[in-house]
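*Asks:* Quick one, input_27.txt (compact mmCIF, C-alpha atoms):
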# COMPACT_ATOMS: atom_id res chain seq x y z
CA MET A 1 -33.69 41.40 -70.66
CA THR A 2 -31.88 43.91 -72.86
CA MET A 3 -28.71 43.23 -74.74
CA THR A 4 -26.72 45.72 -76.73
CA HIS A 5 -24.81 44.61 -79.77
CA ALA A 6 -22.45 46.73 -81.80
CA VAL A 7 -23.07 46.36 -85.51
CA HIS A 8 -19.67 47.71 -86.58
CA GLU A 9 -21.29 49.52 -89.45
CA LEU A 10 -20.14 51.29 -92.61
CA VAL A 11 -22.78 53.19 -94.55
CA LEU A 12 -23.14 54.72 -98.01
CA THR A 13 -26.24 56.69 -99.06
CA ARG A 14 -27.02 58.10 -102.49
CA VAL A 15 -30.07 59.51 -104.28
CA PHE A 16 -30.43 58.21 -107.83
CA ASP A 17 -32.45 60.05 -110.49
CA ALA A 18 -34.43 56.91 -111.34
CA PRO A 19 -37.38 55.09 -109.75
CA PRO A 20 -36.79 52.13 -107.37
CA ALA A 21 -37.94 49.60 -110.02
CA LEU A 22 -35.11 50.65 -112.33
CA VAL A 23 -32.46 50.75 -109.59
CA TRP A 24 -33.63 47.30 -108.44
CA LYS A 25 -33.30 45.99 -112.00
CA ALA A 26 -29.78 47.41 -112.34
CA TRP A 27 -28.84 45.82 -108.99
CA THR A 28 -30.36 42.37 -109.42
CA GLU A 29 -29.79 41.40 -113.07
CA PRO A 30 -26.25 40.14 -113.73
CA LYS A 31 -25.93 41.80 -117.16
CA HIS A 32 -26.52 45.19 -115.49
CA LEU A 33 -24.70 44.54 -112.19
CA MET A 34 -21.57 43.49 -114.09
CA GLN A 35 -21.36 46.98 -115.60
CA TRP A 36 -21.21 48.95 -112.38
CA PHE A 37 -20.55 46.78 -109.28
CA VAL A 38 -16.74 47.02 -109.34
CA PRO A 39 -14.78 50.28 -109.71
CA LYS A 40 -12.97 50.39 -113.07
CA PRO A 41 -10.34 49.41 -114.19
CA TRP A 42 -11.29 46.36 -112.11
CA SER A 43 -14.15 44.37 -113.59
CA LEU A 44 -16.77 41.79 -112.71
CA VAL A 45 -16.19 38.72 -114.90
CA GLU A 46 -18.71 36.32 -113.34
CA CYS A 47 -21.96 36.88 -111.48
CA ASP A 48 -24.48 34.37 -110.15
CA ILE A 49 -27.69 35.74 -108.63
CA ASP A 50 -30.38 33.43 -107.27
CA LEU A 51 -32.73 36.11 -106.02
CA ARG A 52 -34.37 34.58 -102.93
CA ALA A 53 -33.55 34.07 -99.26
CA GLY A 54 -30.93 31.31 -99.21
CA GLY A 55 -30.06 31.85 -102.88
CA VAL A 56 -26.48 32.21 -104.05
CA PHE A 57 -24.97 35.65 -104.68
CA ARG A 58 -21.54 35.01 -106.09
CA THR A 59 -19.28 37.38 -107.99
CA VAL A 60 -15.77 37.11 -109.39
CA MET A 61 -13.78 40.32 -109.65
CA GLN A 62 -10.81 40.69 -111.93
CA SER A 63 -7.89 43.02 -111.37
CA PRO A 64 -6.40 45.08 -114.25
CA GLU A 65 -3.58 42.49 -114.29
CA GLY A 66 -6.10 39.68 -114.87
CA GLU A 67 -6.09 38.13 -111.40
CA LYS A 68 -9.47 36.77 -110.33
CA PHE A 69 -11.04 37.15 -106.88
CA PRO A 70 -14.16 35.07 -106.18
CA ASN A 71 -16.66 36.40 -103.64
CA PRO A 72 -19.13 33.69 -102.71
CA GLY A 73 -22.14 34.54 -100.61
CA VAL A 74 -25.87 34.08 -100.10
CA PHE A 75 -28.92 36.29 -99.88
CA LEU A 76 -30.54 36.32 -96.45
CA GLU A 77 -33.54 38.46 -97.34
CA VAL A 78 -35.07 39.65 -100.60
CA VAL A 79 -37.95 42.15 -100.56
CA PRO A 80 -38.64 42.99 -104.22
CA LEU A 81 -37.96 46.65 -105.12
CA LYS A 82 -37.22 47.48 -101.47
CA LYS A 83 -34.46 45.53 -99.75
CA LEU A 84 -31.61 43.08 -100.33
CA VAL A 85 -29.56 41.46 -97.57
CA PHE A 86 -26.57 39.23 -98.28
CA THR A 87 -23.56 37.87 -96.44
CA ASP A 88 -20.23 36.17 -97.07
CA ALA A 89 -20.70 34.04 -93.93
CA TYR A 90 -22.05 31.23 -96.14
CA VAL A 91 -20.94 30.06 -99.60
CA ASN A 92 -24.37 28.52 -100.19
CA ALA A 93 -27.37 27.59 -98.02
CA TRP A 94 -25.94 26.82 -95.47
CA THR A 95 -22.27 26.00 -95.84
CA PRO A 96 -20.10 28.16 -93.58
CA SER A 97 -17.47 30.20 -95.42
CA ALA A 98 -13.83 30.28 -94.41
CA LYS A 99 -14.40 33.64 -92.70
CA PRO A 100 -17.68 35.42 -91.90
CA PHE A 101 -16.62 39.00 -92.68
CA MET A 102 -19.71 41.08 -93.37
CA THR A 103 -23.45 41.33 -93.95
CA ALA A 104 -24.70 43.93 -96.43
CA ILE A 105 -28.14 45.53 -96.14
CA THR A 106 -29.20 47.58 -99.17
CA THR A 107 -32.47 49.49 -99.27
CA PHE A 108 -34.25 51.29 -102.10
CA GLU A 109 -36.72 54.00 -100.99
CA PRO A 110 -38.85 56.11 -103.33
CA GLN A 111 -38.30 59.89 -103.11
CA GLY A 112 -40.69 61.41 -105.60
CA SER A 113 -39.46 60.08 -108.95
CA LYS A 114 -36.03 59.30 -107.46
CA THR A 115 -34.60 56.58 -105.23
CA LYS A 116 -32.77 56.90 -101.97
CA TYR A 117 -30.22 54.10 -101.93
CA THR A 118 -28.62 53.00 -98.66
CA ALA A 119 -25.91 50.36 -98.48
CA LYS A 120 -24.77 49.26 -95.04
CA ALA A 121 -21.99 46.81 -94.30
CA LEU A 122 -22.23 45.22 -90.84
CA HIS A 123 -19.23 43.38 -89.41
CA TRP A 124 -18.85 40.87 -86.60
CA THR A 125 -15.82 42.68 -85.21
CA GLN A 126 -14.48 46.19 -84.98
CA THR A 127 -11.22 44.90 -86.48
CA ASP A 128 -13.06 43.74 -89.60
CA ARG A 129 -14.91 47.04 -89.89
CA GLU A 130 -11.61 48.93 -89.77
CA ALA A 131 -10.05 46.54 -92.29
CA HIS A 132 -13.00 47.08 -94.64
CA GLU A 133 -12.66 50.85 -94.30
CA LYS A 134 -8.93 50.62 -95.09
CA MET A 135 -9.65 48.33 -98.08
CA GLY A 136 -11.53 51.33 -99.45
CA PHE A 137 -15.20 50.85 -98.55
CA HIS A 138 -16.13 54.50 -99.04
CA GLU A 139 -14.14 55.06 -102.25
CA GLY A 140 -15.01 51.62 -103.66
CA TRP A 141 -18.73 51.60 -102.96
CA GLY A 142 -18.86 55.33 -103.77
CA THR A 143 -17.23 54.85 -107.18
CA ALA A 144 -19.50 51.87 -107.85
CA ALA A 145 -22.52 54.06 -107.00
CA ASP A 146 -21.25 56.69 -109.48
CA GLN A 147 -21.00 53.97 -112.13
CA LEU A 148 -24.54 52.82 -111.25
CA ALA A 149 -25.83 56.41 -111.63
CA ALA A 150 -24.20 56.63 -115.08
CA LEU A 151 -25.76 53.30 -116.12
CA LEU A 152 -29.22 54.32 -114.86
CA ALA A 153 -29.05 57.44 -117.05
CA GLN A 154 -28.71 55.12 -120.09
CA MET A 155 -31.36 52.56 -119.15
CA MET B 156 -14.17 27.20 -110.51
CA THR B 157 -14.51 24.74 -107.64
CA MET B 158 -14.05 25.58 -104.03
CA THR B 159 -14.10 23.16 -101.17
CA HIS B 160 -15.33 24.28 -97.80
CA ALA B 161 -15.17 22.25 -94.63
CA VAL B 162 -18.42 22.42 -92.73
CA HIS B 163 -16.92 21.34 -89.40
CA GLU B 164 -19.99 19.28 -88.70
CA LEU B 165 -21.49 17.49 -85.70
CA VAL B 166 -24.51 15.28 -86.36
CA LEU B 167 -27.23 13.60 -84.34
CA THR B 168 -29.85 11.31 -85.92
CA ARG B 169 -32.84 9.70 -84.22
CA VAL B 170 -36.03 7.95 -85.31
CA PHE B 171 -39.08 9.06 -83.33
CA ASP B 172 -42.23 6.96 -83.06
CA ALA B 173 -44.43 9.86 -84.15
CA PRO B 174 -45.28 11.48 -87.50
CA PRO B 175 -43.36 14.57 -88.72
CA ALA B 176 -46.33 16.87 -88.00
CA LEU B 177 -46.16 15.99 -84.29
CA VAL B 178 -42.37 16.24 -84.06
CA TRP B 179 -42.56 19.59 -85.84
CA LYS B 180 -45.17 20.79 -83.33
CA ALA B 181 -43.03 19.69 -80.38
CA TRP B 182 -40.03 21.47 -81.90
CA THR B 183 -41.65 24.76 -82.91
CA GLU B 184 -44.14 25.63 -80.17
CA PRO B 185 -42.48 27.18 -77.11
CA LYS B 186 -44.74 25.42 -74.58
CA HIS B 187 -43.54 22.07 -75.95
CA LEU B 188 -39.92 23.00 -76.75
CA MET B 189 -39.44 24.25 -73.18
CA GLN B 190 -40.15 20.73 -71.90
CA TRP B 191 -37.41 18.92 -73.78
CA PHE B 192 -34.83 21.26 -75.37
CA VAL B 193 -32.41 21.36 -72.44
CA PRO B 194 -31.13 18.28 -70.56
CA LYS B 195 -32.52 18.20 -67.02
CA PRO B 196 -31.77 19.36 -64.33
CA TRP B 197 -31.06 22.39 -66.53
CA SER B 198 -34.20 24.06 -67.83
CA LEU B 199 -35.45 26.44 -70.51
CA VAL B 200 -37.02 29.44 -68.77
CA GLU B 201 -37.67 31.66 -71.80
CA CYS B 202 -38.30 30.89 -75.43
CA ASP B 203 -39.14 33.22 -78.34
CA ILE B 204 -39.93 31.62 -81.68
CA ASP B 205 -40.84 33.73 -84.70
CA LEU B 206 -41.14 30.91 -87.19
CA ARG B 207 -39.99 32.42 -90.50
CA ALA B 208 -36.72 33.14 -92.28
CA GLY B 209 -35.23 36.11 -90.44
CA GLY B 210 -37.43 35.50 -87.38
CA VAL B 211 -35.98 35.41 -83.88
CA PHE B 212 -35.19 32.11 -82.19
CA ARG B 213 -34.10 33.01 -78.68
CA THR B 214 -33.88 30.78 -75.65
CA VAL B 215 -32.72 31.32 -72.09
CA MET B 216 -31.32 28.28 -70.28
CA GLN B 217 -31.12 28.09 -66.52
CA SER B 218 -28.59 26.07 -64.56
CA PRO B 219 -29.64 24.05 -61.47
CA GLU B 220 -28.08 26.88 -59.42
CA GLY B 221 -30.40 29.40 -61.08
CA GLU B 222 -27.91 31.10 -63.39
CA LYS B 223 -29.40 32.18 -66.71
CA PHE B 224 -27.73 31.81 -70.11
CA PRO B 225 -29.41 33.62 -73.03
CA ASN B 226 -28.97 32.15 -76.52
CA PRO B 227 -30.09 34.68 -79.11
CA GLY B 228 -30.35 33.65 -82.73
CA VAL B 229 -32.41 33.78 -85.90
CA PHE B 230 -34.02 31.32 -88.27
CA LEU B 231 -32.44 31.30 -91.73
CA GLU B 232 -34.86 28.85 -93.33
CA VAL B 233 -38.22 27.41 -92.33
CA VAL B 234 -39.83 24.65 -94.45
CA PRO B 235 -42.98 23.60 -92.56
CA LEU B 236 -42.90 19.99 -91.31
CA LYS B 237 -39.56 19.38 -93.07
CA LYS B 238 -36.65 21.64 -92.18
CA LEU B 239 -35.48 24.30 -89.74
CA VAL B 240 -32.21 26.21 -90.04
CA PHE B 241 -31.02 28.66 -87.41
CA THR B 242 -27.81 30.38 -86.37
CA ASP B 243 -26.29 32.34 -83.49
CA ALA B 244 -24.40 34.54 -85.99
CA TYR B 245 -27.21 37.12 -85.69
CA VAL B 246 -29.21 38.24 -82.66
CA ASN B 247 -32.01 39.43 -84.93
CA ALA B 248 -32.39 40.17 -88.65
CA TRP B 249 -29.60 41.18 -89.29
CA THR B 250 -27.59 42.32 -86.27
CA PRO B 251 -24.27 40.46 -86.00
CA SER B 252 -23.81 38.58 -82.73
CA ALA B 253 -20.68 38.88 -80.61
CA LYS B 254 -19.44 35.56 -82.01
CA PRO B 255 -20.78 33.51 -84.93
CA PHE B 256 -20.36 30.02 -83.49
CA MET B 257 -22.70 27.65 -85.30
CA THR B 258 -25.53 27.05 -87.75
CA ALA B 259 -27.98 24.23 -86.99
CA ILE B 260 -29.84 22.35 -89.72
CA THR B 261 -32.64 20.11 -88.47
CA THR B 262 -34.67 17.89 -90.82
CA PHE B 263 -37.80 15.84 -90.26
CA GLU B 264 -38.30 12.96 -92.73
CA PRO B 265 -41.27 10.58 -92.74
CA GLN B 266 -40.40 6.88 -92.31
CA GLY B 267 -43.73 5.06 -92.45
CA SER B 268 -45.57 6.36 -89.38
CA LYS B 269 -42.30 7.49 -87.79
CA THR B 270 -39.94 10.42 -88.25
CA LYS B 271 -36.25 10.38 -88.96
CA TYR B 272 -34.81 13.41 -87.19
CA THR B 273 -31.41 14.77 -88.13
CA ALA B 274 -29.76 17.65 -86.30
CA LYS B 275 -26.51 18.98 -87.72
CA ALA B 276 -24.37 21.71 -86.19
CA LEU B 277 -22.03 23.41 -88.68
CA HIS B 278 -19.18 25.57 -87.41
CA TRP B 279 -17.02 28.22 -89.06
CA THR B 280 -13.86 26.74 -87.57
CA GLN B 281 -12.49 23.37 -86.56
CA THR B 282 -11.66 24.90 -83.16
CA ASP B 283 -15.32 25.75 -82.58
CA ARG B 284 -16.43 22.28 -83.67
CA GLU B 285 -14.05 20.72 -81.16
CA ALA B 286 -15.16 23.13 -78.44
CA HIS B 287 -18.82 22.24 -79.13
CA GLU B 288 -18.00 18.53 -78.94
CA LYS B 289 -16.21 19.05 -75.60
CA MET B 290 -19.15 21.15 -74.31
CA GLY B 291 -21.14 17.95 -74.72
CA PHE B 292 -22.87 18.14 -78.11
CA HIS B 293 -23.51 14.39 -78.32
CA GLU B 294 -24.62 13.90 -74.71
CA GLY B 295 -26.55 17.17 -74.61
CA TRP B 296 -28.44 16.90 -77.89
CA GLY B 297 -28.80 13.14 -77.31
CA THR B 298 -30.38 13.61 -73.88
CA ALA B 299 -32.61 16.35 -75.29
CA ALA B 300 -33.71 13.93 -78.05
CA ASP B 301 -34.55 11.34 -75.36
CA GLN B 302 -36.65 13.96 -73.57
CA LEU B 303 -38.35 14.81 -76.87
CA ALA B 304 -39.16 11.11 -77.45
CA ALA B 305 -40.72 10.91 -73.97
CA LEU B 306 -42.80 14.03 -74.62
CA LEU B 307 -43.98 12.76 -78.02
CA ALA B 308 -45.27 9.60 -76.33
CA GLN B 309 -47.56 11.81 -74.21
CA MET B 310 -48.77 14.16 -76.94
Reformat the file's structure so that it appears as structure tokens.
*Replies:*
Amino acid sequence: MTMTHAVHELVLTRVFDAPPALVWKAWTEPKHLMQWFVPKPWSLVECDIDLRAGGVFRTVMQSPEGEKFPNPGVFLEVVPLKKLVFTDAYVNAWTPSAKPFMTAITTFEPQGSKTKYTAKALHWTQTDREAHEKMGFHEGWGTAADQLAALLAQM
Amino acid sequence: MTMTHAVHELVLTRVFDAPPALVWKAWTEPKHLMQWFVPKPWSLVECDIDLRAGGVFRTVMQSPEGEKFPNPGVFLEVVPLKKLVFTDAYVNAWTPSAKPFMTAITTFEPQGSKTKYTAKALHWTQTDREAHEKMGFHEGWGTAADQLAALLAQM
């Protein structure tokens, strides 16, 4: 039996001039993630990372006006230096969130001394994918990736 | 910051006259699961179990009239002899399903030589919880638990 499922995907790819171990470190340690994860002048003011399948991944973004936006979620899969999967469908293992919106799959592949970074956002509905695109997926994740590149150059 | 999330829960508990290792075996090996998982005269005609976080848990139920109903899903957490968590929110790791309906948390606790079995179904919405209850959660999972008890007595 074959079933086809749309994944309602948005994708960003980027090659960073740093090895996967460094990109992984910048992604998974709160003190680093807080410097690049949110496009400025927005900022990340809280960040909890319990780096294991079922562990919490929770961030709080702050707008330039000081309003805070919590983003609770959990990791579904953690493959050190290679892959991170997380979703907002749960606020912890395994409490359903108010609205399962997306699942993010990020991969870190070596390319010589560099890293090919791929970030995919999968949505349960086409409507949610379109909403995410309108919320600025490409600009937002793209600007964040630029900020990550700048941070990696200093690490 | 505190957030409250409703889990929209349905719960079944049962004490089986068998140790957790045997209940676990009856739950996690397809040849056994196929004998009790679906209330007769319905039957389970296919069963794929990849027993690890992110592994597929897919069953196909068949009505007395011969109509087949596939139930794709994945395991989110597997703690041998103690706990199984699975959801229909994904059809595999990590393809979103057409509709995230529920997450099931089953636990197996030793009570002397017996096992306390708890099966919880958590839903993203109150509407889905009510729909699941009307679909016959208590009768269905209850009858399945009776069938499991009968099988355990023969194992």
*Asks:* Counting only C-alpha atoms, collect the residues of chain A whose closest atom lies at most 7 Å from chain B, and write them out as a VMD selection string.
*Replies:* chain A and resid 5 7 95 to 98 123 to 124
*Asks:* Rounded to one decimal, what separation in Å do you get between atom CA of Met310 of chain B and atom CA of Lys271 of chain B?
*Replies:* 17.8 Å
*Asks:* Just how far from atom CA of Leu303 of chain B is atom CA of Met189 of chain B, in Å to one decimal?
*Replies:*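 Taking atom CA of Met189 of chain B as the start and atom CA of Leu303 of chain B as the end point, the length is 10.2 Å.
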*Asks:* Fit chain A to chain B: least squares, all C-alpha atoms, paired in order; write the output as an mmCIF file with C-alpha atoms, in the frame of the given file.
*Replies:*
data_model
loop_
_atom_site.group_PDB
_atom_site.id
_atom_site.type_symbol
_atom_site.label_atom_id
_atom_site.label_comp_id
_atom_site.auth_asym_id
_atom_site.auth_seq_id
_atom_site.Cartn_x
_atom_site.Cartn_y
_atom_site.Cartn_z
ATOM 1 C CA MET A 1 -14.398 27.018 -110.625
ATOM 2 C CA THR A 2 -14.683 24.593 -107.717
ATOM 3 C CA MET A 3 -14.134 25.477 -104.117
ATOM 4 C CA THR A 4 -14.145 23.096 -101.210
ATOM 5 C CA HIS A 5 -15.327 24.248 -97.834
ATOM 6 C CA ALA A 6 -15.163 22.267 -94.635
ATOM 7 C CA VAL A 7 -18.416 22.427 -92.717
ATOM 8 C CA HIS A 8 -16.922 21.345 -89.382
ATOM 9 C CA GLU A 9 -19.985 19.281 -88.677
ATOM 10 C CA LEU A 10 -21.490 17.494 -85.681
ATOM 11 C CA VAL A 11 -24.493 15.286 -86.351
ATOM 12 C CA LEU A 12 -27.219 13.590 -84.318
ATOM 13 C CA THR A 13 -29.836 11.308 -85.912
ATOM 14 C CA ARG A 14 -32.820 9.695 -84.223
ATOM 15 C CA VAL A 15 -36.017 7.944 -85.323
ATOM 16 C CA PHE A 16 -39.064 9.060 -83.350
ATOM 17 C CA ASP A 17 -42.222 6.939 -83.085
ATOM 18 C CA ALA A 18 -44.422 9.851 -84.171
ATOM 19 C CA PRO A 19 -45.274 11.463 -87.521
ATOM 20 C CA PRO A 20 -43.349 14.559 -88.739
ATOM 21 C CA ALA A 21 -46.330 16.864 -88.001
ATOM 22 C CA LEU A 22 -46.172 15.979 -84.308
ATOM 23 C CA VAL A 23 -42.375 16.230 -84.065
ATOM 24 C CA TRP A 24 -42.561 19.605 -85.845
ATOM 25 C CA LYS A 25 -45.173 20.792 -83.341
ATOM 26 C CA ALA A 26 -43.040 19.681 -80.385
ATOM 27 C CA TRP A 27 -40.030 21.485 -81.908
ATOM 28 C CA THR A 28 -41.643 24.764 -82.930
ATOM 29 C CA GLU A 29 -44.139 25.631 -80.171
ATOM 30 C CA PRO A 30 -42.476 27.176 -77.105
ATOM 31 C CA LYS A 31 -44.730 25.412 -74.569
ATOM 32 C CA HIS A 32 -43.537 22.054 -75.958
ATOM 33 C CA LEU A 33 -39.915 22.999 -76.740
ATOM 34 C CA MET A 34 -39.440 24.247 -73.172
ATOM 35 C CA GLN A 35 -40.141 20.731 -71.888
ATOM 36 C CA TRP A 36 -37.420 18.916 -73.778
ATOM 37 C CA PHE A 37 -34.832 21.262 -75.377
ATOM 38 C CA VAL A 38 -32.406 21.363 -72.431
ATOM 39 C CA PRO A 39 -31.135 18.279 -70.564
ATOM 40 C CA LYS A 40 -32.516 18.195 -67.005
ATOM 41 C CA PRO A 41 -31.763 19.360 -64.321
ATOM 42 C CA TRP A 42 -31.065 22.395 -66.519
ATOM 43 C CA SER A 43 -34.208 24.058 -67.818
ATOM 44 C CA LEU A 44 -35.455 26.426 -70.488
ATOM 45 C CA VAL A 45 -37.021 29.444 -68.757
ATOM 46 C CA GLU A 46 -37.670 31.670 -71.784
ATOM 47 C CA CYS A 47 -38.297 30.897 -75.438
ATOM 48 C CA ASP A 48 -39.130 33.223 -78.321
ATOM 49 C CA ILE A 49 -39.917 31.634 -81.690
ATOM 50 C CA ASP A 50 -40.820 33.747 -84.713
ATOM 51 C CA LEU A 51 -41.141 30.920 -87.198
ATOM 52 C CA ARG A 52 -39.983 32.422 -90.512
ATOM 53 C CA ALA A 53 -36.711 33.153 -92.288
ATOM 54 C CA GLY A 54 -35.234 36.137 -90.444
ATOM 55 C CA GLY A 55 -37.417 35.528 -87.381
ATOM 56 C CA VAL A 56 -35.971 35.443 -83.886
ATOM 57 C CA PHE A 57 -35.172 32.129 -82.185
ATOM 58 C CA ARG A 58 -34.095 33.016 -78.690
ATOM 59 C CA THR A 59 -33.874 30.783 -75.641
ATOM 60 C CA VAL A 60 -32.705 31.309 -72.076
ATOM 61 C CA MET A 61 -31.336 28.283 -70.260
ATOM 62 C CA GLN A 62 -31.126 28.088 -66.508
ATOM 63 C CA SER A 63 -28.614 26.054 -64.553
ATOM 64 C CA PRO A 64 -29.661 24.020 -61.467
ATOM 65 C CA GLU A 65 -28.109 26.849 -59.406
ATOM 66 C CA GLY A 66 -30.422 29.395 -61.064
ATOM 67 C CA GLU A 67 -27.915 31.081 -63.370
ATOM 68 C CA LYS A 68 -29.397 32.175 -66.691
ATOM 69 C CA PHE A 69 -27.750 31.797 -70.105
ATOM 70 C CA PRO A 70 -29.411 33.615 -73.018
ATOM 71 C CA ASN A 71 -28.968 32.172 -76.509
ATOM 72 C CA PRO A 72 -30.092 34.685 -79.104
ATOM 73 C CA GLY A 73 -30.356 33.655 -82.718
ATOM 74 C CA VAL A 74 -32.408 33.798 -85.904
ATOM 75 C CA PHE A 75 -34.006 31.335 -88.273
ATOM 76 C CA LEU A 76 -32.437 31.300 -91.727
ATOM 77 C CA GLU A 77 -34.852 28.864 -93.341
ATOM 78 C CA VAL A 78 -38.209 27.409 -92.342
ATOM 79 C CA VAL A 79 -39.808 24.665 -94.453
ATOM 80 C CA PRO A 80 -42.960 23.617 -92.570
ATOM 81 C CA LEU A 81 -42.880 19.999 -91.316
ATOM 82 C CA LYS A 82 -39.554 19.389 -93.085
ATOM 83 C CA LYS A 83 -36.645 21.648 -92.182
ATOM 84 C CA LEU A 84 -35.472 24.318 -89.742
ATOM 85 C CA VAL A 85 -32.199 26.227 -90.040
ATOM 86 C CA PHE A 86 -31.015 28.685 -87.400
ATOM 87 C CA THR A 87 -27.801 30.384 -86.361
ATOM 88 C CA ASP A 88 -26.290 32.349 -83.492
ATOM 89 C CA ALA A 89 -24.394 34.555 -85.974
ATOM 90 C CA TYR A 90 -27.194 37.140 -85.686
ATOM 91 C CA VAL A 91 -29.216 38.262 -82.648
ATOM 92 C CA ASN A 92 -32.009 39.462 -84.938
ATOM 93 C CA ALA A 93 -32.371 40.207 -88.665
ATOM 94 C CA TRP A 94 -29.581 41.206 -89.262
ATOM 95 C CA THR A 95 -27.575 42.337 -86.266
ATOM 96 C CA PRO A 96 -24.268 40.475 -85.991
ATOM 97 C CA SER A 97 -23.793 38.605 -82.713
ATOM 98 C CA ALA A 98 -20.676 38.894 -80.596
ATOM 99 C CA LYS A 99 -19.442 35.569 -81.997
ATOM 100 C CA PRO A 100 -20.785 33.536 -84.935
ATOM 101 C CA PHE A 101 -20.376 30.037 -83.474
ATOM 102 C CA MET A 102 -22.703 27.661 -85.289
ATOM 103 C CA THR A 103 -25.527 27.053 -87.746
ATOM 104 C CA ALA A 104 -27.985 24.252 -86.980
ATOM 105 C CA ILE A 105 -29.835 22.363 -89.717
ATOM 106 C CA THR A 106 -32.637 20.104 -88.473
ATOM 107 C CA THR A 107 -34.646 17.905 -90.815
ATOM 108 C CA PHE A 108 -37.782 15.838 -90.258
ATOM 109 C CA GLU A 109 -38.285 12.965 -92.742
ATOM 110 C CA PRO A 110 -41.246 10.579 -92.757
ATOM 111 C CA GLN A 111 -40.387 6.875 -92.323
ATOM 112 C CA GLY A 112 -43.683 5.046 -92.462
ATOM 113 C CA SER A 113 -45.557 6.343 -89.412
ATOM 114 C CA LYS A 114 -42.288 7.488 -87.802
ATOM 115 C CA THR A 115 -39.915 10.414 -88.274
ATOM 116 C CA LYS A 116 -36.230 10.394 -88.982
ATOM 117 C CA TYR A 117 -34.810 13.411 -87.186
ATOM 118 C CA THR A 118 -31.392 14.783 -88.135
ATOM 119 C CA ALA A 119 -29.748 17.661 -86.302
ATOM 120 C CA LYS A 120 -26.497 18.999 -87.711
ATOM 121 C CA ALA A 121 -24.365 21.716 -86.180
ATOM 122 C CA LEU A 122 -22.030 23.419 -88.671
ATOM 123 C CA HIS A 123 -19.177 25.578 -87.394
ATOM 124 C CA TRP A 124 -17.021 28.225 -89.032
ATOM 125 C CA THR A 125 -13.853 26.753 -87.553
ATOM 126 C CA GLN A 126 -12.502 23.389 -86.536
ATOM 127 C CA THR A 127 -11.661 24.904 -83.139
ATOM 128 C CA ASP A 128 -15.321 25.766 -82.565
ATOM 129 C CA ARG A 129 -16.437 22.304 -83.645
ATOM 130 C CA GLU A 130 -14.054 20.724 -81.134
ATOM 131 C CA ALA A 131 -15.180 23.139 -78.415
ATOM 132 C CA HIS A 132 -18.816 22.241 -79.112
ATOM 133 C CA GLU A 133 -18.002 18.534 -78.916
ATOM 134 C CA LYS A 134 -16.224 19.065 -75.578
ATOM 135 C CA MET A 135 -19.166 21.157 -74.283
ATOM 136 C CA GLY A 136 -21.149 17.947 -74.699
ATOM 137 C CA PHE A 137 -22.868 18.132 -78.093
ATOM 138 C CA HIS A 138 -23.513 14.396 -78.329
ATOM 139 C CA GLU A 139 -24.624 13.886 -74.712
ATOM 140 C CA GLY A 140 -26.563 17.173 -74.604
ATOM 141 C CA TRP A 141 -28.425 16.888 -77.887
ATOM 142 C CA GLY A 142 -28.791 13.131 -77.305
ATOM 143 C CA THR A 143 -30.379 13.615 -73.875
ATOM 144 C CA ALA A 144 -32.615 16.350 -75.292
ATOM 145 C CA ALA A 145 -33.715 13.934 -78.047
ATOM 146 C CA ASP A 146 -34.549 11.329 -75.364
ATOM 147 C CA GLN A 147 -36.647 13.950 -73.570
ATOM 148 C CA LEU A 148 -38.357 14.813 -76.880
ATOM 149 C CA ALA A 149 -39.155 11.109 -77.465
ATOM 150 C CA ALA A 150 -40.711 10.895 -73.980
ATOM 151 C CA LEU A 151 -42.802 14.026 -74.632
ATOM 152 C CA LEU A 152 -43.979 12.752 -78.036
ATOM 153 C CA ALA A 153 -45.256 9.573 -76.357
ATOM 154 C CA GLN A 154 -47.556 11.787 -74.225
ATOM 155 C CA MET A 155 -48.775 14.135 -76.957
#
*Asks:* Counting all atoms listed in the file, which residues sit no farther than 12 Å from the position (-39.9, 37.1, -83.4) in the file's frame? I'd like them as a list in words.
*Replies:* Cys202, Asp203, Ile204, Asp205, Leu206, Arg207, Ala208, Gly209, Gly210, Val211, Phe212, Arg213, Thr214, Pro227, Gly228, Val229, Phe230, Val246, Asn247 and Ala248 of chain B
*Asks:* Grab the atom CA of Pro235 of chain B to atom CA of Trp197 of chain B distance for me, in Å with one decimal place.
*Replies:*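 Separation of atom CA of Pro235 of chain B and atom CA of Trp197 of chain B: 28.7 Å.
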*Asks:* Restricting the calculation to only C-alpha atoms: of A:Lys82, A:Lys134, A:Lys68, A:Lys25, which residue gets closest to Tyr117 of chain A?
*Replies:*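 Ranking A:Lys82, A:Lys134, A:Lys68, A:Lys25 by distance to Tyr117 of chain A, first place goes to A:Lys82.
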*Asks:* Could you check which of B:Phe263, B:Phe192, B:Phe224, B:Phe171 is closest to Leu239 of chain B, using only C-alpha atoms?
*Replies:*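 Of all the options, B:Phe263 lies closest to Leu239 of chain B.
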*Asks:* Is it possible to get the residues within 12 Å of (-46.3, 18.3, -84.8) (coordinates as in the file, counting all atoms listed in the file) written as a ChimeraX atom specification?
*Replies:* /B:171,173-184,187-188,235-237,263,269-270,303,306-307,310
*Asks:* Could you list, as a PyMOL selection string, every residue within 12 Å of Pro194 of chain B, counting all atoms listed in the file and ignoring same-chain residues fewer than 3 positions away?
*Replies:* chain B and resi 188-191+197-199+216-219+291-303
